[in-house]
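Data block below; observations after.
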Protein chains: 2
Amino acid sequence: MASEANKSCLVQKLSHYAELDEEAIGHLERLEREERSYDEQQDIYLGGDRRDDLHVVKKGWLYSYTDLPDGRRQIVRLHHPGDIVGFEGIAFHHATTSVRAAEPVVLCPFPKSGLDVVFESSPKLTALLFTLAVREQVIFVDLIRAMGRMSARERLAYLFLNLLAKLRITNTDMTDTCRLPLTQTEIGDVLGLSNVYVSKTISRLENDGFISRKDGNVTVLREDDLANFCDFYDRYSDMDVSWFPQS
Amino acid sequence: MASEANKSCLVQKLSHYAELDEEAIGHLERLEREERSYDEQQDIYLGGDRRDDLHVVKKGWLYSYTDLPDGRRQIVRLHHPGDIVGFEGIAFHHATTSVRAAEPVVLCPFPKSGLDVVFESSPKLTALLFTLAVREQVIFVDLIRAMGRMSARERLAYLFLNLLAKLRITNTDMTDTCRLPLTQTEIGDVLGLSNVYVSKTISRLENDGFISRKDGNVTVLREDDLANFCDFYDRYSDMDVSWFPQS
DNA sequence: GGCCTGCGTTAACACAGATTAAGCCCCAGA
DNA sequence: TCTGGGGCTTAATCTGTGTTAACGCAGGCC
């Protein structure tokens, strides 16, 4: 199934950080045996659901979100091809967030127990997954910093730069443009802003020549200036994998 | 060193989630062999430092924080006895945040390689550390939700409830009161608020009978109401450890 | 072809929380 | 004993962002 030409995103992503042997790759490919499609705006599962399986994203964007009782919503994570969705299921019986497709998506569901095999037979893969979990924490910390102490302009700059950095890992040919299949309301829910203010602020960023927009795509025009402006660090290309066990 | 009477906080904390055998306990105790004291407001290390060791907190509160170039500050994590500080060091060569003592503290430094032994020899402990890393993510998500979509009142309610829930794990005799060795400026830096508004908001919570204060201690008077008010979930007492390997 | 619905834009107005500043208290150090 | 600094409180003022609403546009559907 995964010829060189059509390599799994998951394998591609993990290979970016460590050389994987045949066996490890086999484990990963088994996680993507099954496929399932979802429509735009369809919920994959809801917070509170009893969860038994995780998903590898094969195609499309999704997001994890939580609602407050009165309807306010916060999107807490964006998921892209190659990501594993629902990892928190490892620590809790019930889902802590809901997950929704931002556009039509294809997912590969696999049972929690699929990970047991990995943990037992591949120390290297275990170390890698562990490292990715820790990195995820660091990315959350960056977001907390942005939401706690940055203006709307800075937060949007941060979002765009972070998206570019993340997507570049699996799309090695990507330059400074990316698709943005999110409404401005959704962007606001990521950054803790209102849809109206997102609109106004993006327009200002565009007028000031930091970015440009064209049919659903965003281009970052002055990446260094933007990075400087919101004190951005790329957490995706600078990981320590030196301590990983061999096998 | 760790008699029943004077059990290590780390062992106590981890034992709360899984039964640990002699060998595992031995591993953990080796992490706490060395001790070092720090003064109030002393930095343990700074963001950007090359890091080779982690610390177990033995006594006192600390926090991780980052500064923006212009001096704004965000505190991203509070550390208490039994916590392991610097876990992110596993994924990055350089510290991504600074760590400071909120009061006089005692830490047990140990080298990164101290964890290798754990990973190699105790699958159960590995699974537990993994689970704790994932739980940490969930707690970050809760904080992001609070900072993105909640009012100052709600955020403070969240902070107090979360502190209680966390401290109850290691202080089984704790009821509804806890010490709060943080200035209001520091609390503001945790929640993304100004010190002045923290003062005003805490006073209002007190006037409204939700909490009371007495020489550096906070008492939560109507815990259920508060939990309801900020839609709080206790992430500390509800983890799934059923899948852990035996040994 | 006409209608509906959802998204983005713009503008007017409202408000939560930031900022600045002053006063008080406590405590450490001279 | 005095002094200075840090933390907390309170008040006045300011501002960034939210809210509401109206409009235009595009796409899907009958």
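Each chain of the structure tokens is named A, B, ... in the order shown, its residues numbered from 1; ligands are numbered from 1 in display order.
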
**Report entry** Residue list (strand (DSSP E or B), DSSP) for region 14-221 of chain B, as a ChimeraX atom specification
**Finding:** /B:36-38,43-45,50,53-59,62-67,73-79,84-85,94,98-101,105-111,177-179,211-214,217-220

Using N, CA and C atoms, can you write the selected residues to a file as a compact mmCIF listing (two decimals), in the first residue's frame?
```txt
# COMPACT_ATOMS: atom_id res chain seq x y z
N ARG B 36 19.61 20.23 46.34
CA ARG B 36 20.16 21.57 46.23
C ARG B 36 19.09 22.60 46.59
N SER B 37 19.47 23.62 47.34
CA SER B 37 18.51 24.64 47.77
C SER B 37 18.65 25.90 46.93
N TYR B 38 17.54 26.60 46.77
CA TYR B 38 17.55 27.87 46.06
C TYR B 38 16.75 28.89 46.85
N ASP B 43 16.57 32.21 39.93
CA ASP B 43 16.32 31.43 38.71
C ASP B 43 17.11 30.14 38.76
N ILE B 44 16.43 29.03 38.46
CA ILE B 44 17.11 27.75 38.42
C ILE B 44 17.86 27.63 37.11
N TYR B 45 17.18 27.99 36.02
CA TYR B 45 17.85 28.13 34.73
C TYR B 45 17.04 29.06 33.86
N ARG B 50 21.65 25.71 27.58
CA ARG B 50 21.84 24.31 27.22
C ARG B 50 21.58 23.50 28.49
N ASP B 53 20.38 18.50 32.82
CA ASP B 53 19.64 17.74 33.82
C ASP B 53 18.27 18.27 34.15
N LEU B 54 17.51 17.37 34.72
CA LEU B 54 16.14 17.65 35.15
C LEU B 54 16.16 17.77 36.67
N HIS B 55 15.03 18.15 37.25
CA HIS B 55 14.95 18.27 38.70
C HIS B 55 13.65 17.67 39.23
N VAL B 56 13.77 17.00 40.34
CA VAL B 56 12.58 16.64 41.08
C VAL B 56 12.38 17.71 42.15
N VAL B 57 11.16 18.19 42.30
CA VAL B 57 10.90 19.19 43.33
C VAL B 57 10.70 18.48 44.66
N LYS B 58 11.49 18.88 45.63
CA LYS B 58 11.38 18.23 46.94
C LYS B 58 10.57 19.10 47.90
N LYS B 59 10.72 20.41 47.74
CA LYS B 59 10.08 21.32 48.69
C LYS B 59 9.90 22.68 48.05
N LEU B 62 7.67 26.45 42.50
CA LEU B 62 8.44 27.13 41.45
C LEU B 62 7.51 27.40 40.28
N TYR B 63 7.99 28.19 39.34
CA TYR B 63 7.21 28.33 38.11
C TYR B 63 8.12 28.44 36.89
N SER B 64 7.59 27.99 35.76
CA SER B 64 8.25 28.17 34.46
C SER B 64 7.64 29.39 33.81
N TYR B 65 8.46 30.20 33.18
CA TYR B 65 7.93 31.41 32.55
C TYR B 65 8.73 31.76 31.31
N THR B 66 8.15 32.60 30.48
CA THR B 66 8.90 33.17 29.37
C THR B 66 8.65 34.66 29.32
N ASP B 67 9.65 35.38 28.93
CA ASP B 67 9.51 36.82 28.73
C ASP B 67 9.39 37.10 27.25
N ARG B 73 5.56 39.27 30.50
CA ARG B 73 5.94 37.95 30.98
C ARG B 73 4.74 37.03 31.05
N GLN B 74 4.93 35.77 30.75
CA GLN B 74 3.87 34.79 30.92
C GLN B 74 4.41 33.62 31.72
N ILE B 75 3.74 33.30 32.82
CA ILE B 75 4.07 32.10 33.58
C ILE B 75 3.26 30.97 32.99
N VAL B 76 3.90 29.87 32.67
CA VAL B 76 3.21 28.83 31.92
C VAL B 76 2.96 27.56 32.72
N ARG B 77 3.57 27.46 33.89
CA ARG B 77 3.42 26.24 34.64
C ARG B 77 3.80 26.50 36.09
N LEU B 78 3.07 25.93 37.01
CA LEU B 78 3.47 25.98 38.41
C LEU B 78 3.97 24.59 38.81
N HIS B 79 5.07 24.56 39.53
CA HIS B 79 5.66 23.29 39.94
C HIS B 79 5.57 23.13 41.45
N ILE B 84 8.31 16.76 38.31
CA ILE B 84 9.59 16.74 37.63
C ILE B 84 9.67 17.98 36.76
N VAL B 85 10.70 18.78 36.97
CA VAL B 85 10.85 20.04 36.23
C VAL B 85 11.84 19.85 35.09
N HIS B 94 17.89 22.99 24.07
CA HIS B 94 17.93 24.18 24.90
C HIS B 94 16.62 24.36 25.65
N SER B 98 12.22 29.65 31.22
CA SER B 98 13.03 29.84 32.41
C SER B 98 12.27 29.26 33.60
N VAL B 99 13.01 28.93 34.65
CA VAL B 99 12.37 28.39 35.85
C VAL B 99 12.85 29.17 37.06
N ARG B 100 11.90 29.59 37.89
CA ARG B 100 12.24 30.43 39.04
C ARG B 100 11.57 29.91 40.30
N ALA B 101 12.26 30.06 41.41
CA ALA B 101 11.70 29.67 42.71
C ALA B 101 10.75 30.74 43.20
N VAL B 105 13.24 26.90 47.92
CA VAL B 105 12.91 25.55 47.46
C VAL B 105 14.10 24.60 47.61
N VAL B 106 13.78 23.33 47.60
CA VAL B 106 14.81 22.30 47.55
C VAL B 106 14.53 21.42 46.34
N LEU B 107 15.54 21.26 45.49
CA LEU B 107 15.39 20.44 44.29
C LEU B 107 16.39 19.29 44.29
N CYS B 108 16.06 18.24 43.56
CA CYS B 108 16.98 17.13 43.36
C CYS B 108 17.33 17.05 41.89
N PRO B 109 18.51 17.53 41.52
CA PRO B 109 18.91 17.47 40.12
C PRO B 109 19.33 16.06 39.75
N PHE B 110 19.01 15.66 38.53
CA PHE B 110 19.54 14.38 38.03
C PHE B 110 19.71 14.50 36.52
N PRO B 111 20.66 13.76 35.96
CA PRO B 111 20.95 13.91 34.53
C PRO B 111 19.87 13.28 33.67
N THR B 177 -8.34 24.45 51.77
CA THR B 177 -7.47 25.59 51.98
C THR B 177 -6.09 25.28 51.43
N CYS B 178 -5.48 26.26 50.77
CA CYS B 178 -4.08 26.04 50.43
C CYS B 178 -3.28 27.33 50.51
N ARG B 179 -2.02 27.12 50.78
CA ARG B 179 -1.06 28.19 50.79
C ARG B 179 -0.93 28.74 49.38
N ILE B 211 -14.59 32.67 48.12
CA ILE B 211 -13.32 32.29 48.75
C ILE B 211 -13.08 33.18 49.96
N SER B 212 -12.10 32.80 50.76
CA SER B 212 -11.64 33.72 51.80
C SER B 212 -10.13 33.65 51.86
N ARG B 213 -9.54 34.71 52.37
CA ARG B 213 -8.08 34.78 52.46
C ARG B 213 -7.66 35.05 53.89
N LYS B 214 -6.55 34.46 54.24
CA LYS B 214 -5.98 34.75 55.55
C LYS B 214 -4.49 34.46 55.50
N ASN B 217 -3.00 32.33 52.81
CA ASN B 217 -3.75 31.12 52.47
C ASN B 217 -5.05 31.49 51.77
N VAL B 218 -5.50 30.64 50.90
CA VAL B 218 -6.79 30.82 50.26
C VAL B 218 -7.68 29.65 50.64
N THR B 219 -8.91 29.95 50.98
CA THR B 219 -9.88 28.90 51.24
C THR B 219 -11.00 29.01 50.23
N VAL B 220 -11.30 27.89 49.61
CA VAL B 220 -12.43 27.86 48.68
C VAL B 220 -13.67 27.50 49.47
```

Using only C-alpha atoms, what does the table of chain B residues within 6 Å of chain A look like, with each row giving the shortest atom pair and its distance in Å to one decimal, sorted by chain and ascending number, as a Markdown table?
```
| residue | atom | partner | partner_atom | distance |
| --- | --- | --- | --- | --- |
| B:Gln74 | CA | A:Arg145 | CA | 5.7 |
| B:Glu88 | CA | A:Val134 | CA | 5.7 |
| B:Ala91 | CA | A:Asp240 | CA | 5.1 |
| B:Phe92 | CA | A:Asp240 | CA | 4.8 |
| B:His93 | CA | A:Asp240 | CA | 5.7 |
| B:Thr131 | CA | A:Ala91 | CA | 5.2 |
| B:Val134 | CA | A:Glu88 | CA | 5.8 |
| B:Gln137 | CA | A:Gln137 | CA | 5.7 |
| B:Arg145 | CA | A:Gln74 | CA | 5.7 |
| B:Gly148 | CA | A:Gly192 | CA | 4.1 |
| B:Arg149 | CA | A:Gly192 | CA | 5.9 |
| B:Gly192 | CA | A:Gly148 | CA | 4.1 |
| B:Met239 | CA | A:Phe92 | CA | 5.0 |
| B:Asp240 | CA | A:Phe92 | CA | 4.8 |
```

Pull the closest atom pair for each residue of chain C that gets at most 12 Å from chain B, along with the distance in Å to one decimal, counting only C-alpha atoms (C1' of nucleotides), ordering rows by chain and then ascending residue number, as CSV.
```
residue,atom,partner,partner_atom,distance
C:DA16,C1',B:Ser151,CA,8.2
C:DG17,C1',B:Tyr197,CA,6.9
C:DA18,C1',B:Ser194,CA,6.9
C:DT19,C1',B:Ser194,CA,9.3
C:DT20,C1',B:Val196,CA,10.8
C:DA21,C1',B:Val196,CA,12.0
```

Requested in this report: At a cut-off of 10 Å, list the chain D residues touching chain A, using only C-alpha atoms (C1' of nucleotides), as a list in words.
Outcome: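 Result, ordered by chain then number: DG16, DT17, DG18 and DT19 of chain D.
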
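When the distance limit is 8 Å and only C-alpha atoms (C1' of nucleotides) are what count, the residues near Leu10 (chain A), minus those fewer than 3 positions from it on the same chain, are Lys13, Leu14, Leu28, Val56, Pro81, Gly82 and Asp83 of chain A.
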
Residues of the last selection are to be written out with C-alpha atoms, as a PDB file, in the first residue's frame.
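Now in part.pdb:
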```pdb
ATOM      1  CA  LYS A  13       6.436  12.601   9.335  1.00  0.00           C
ATOM      2  CA  LEU A  14       8.044  10.287  11.834  1.00  0.00           C
ATOM      3  CA  LEU A  28       2.954   2.230  11.586  1.00  0.00           C
ATOM      4  CA  VAL A  56      -4.272   8.932  11.865  1.00  0.00           C
ATOM      5  CA  PRO A  81      -2.231  14.917   7.536  1.00  0.00           C
ATOM      6  CA  GLY A  82       0.223  12.703   9.397  1.00  0.00           C
ATOM      7  CA  ASP A  83      -1.017  13.737  12.847  1.00  0.00           C
TER       8      ASP A  83
END
```
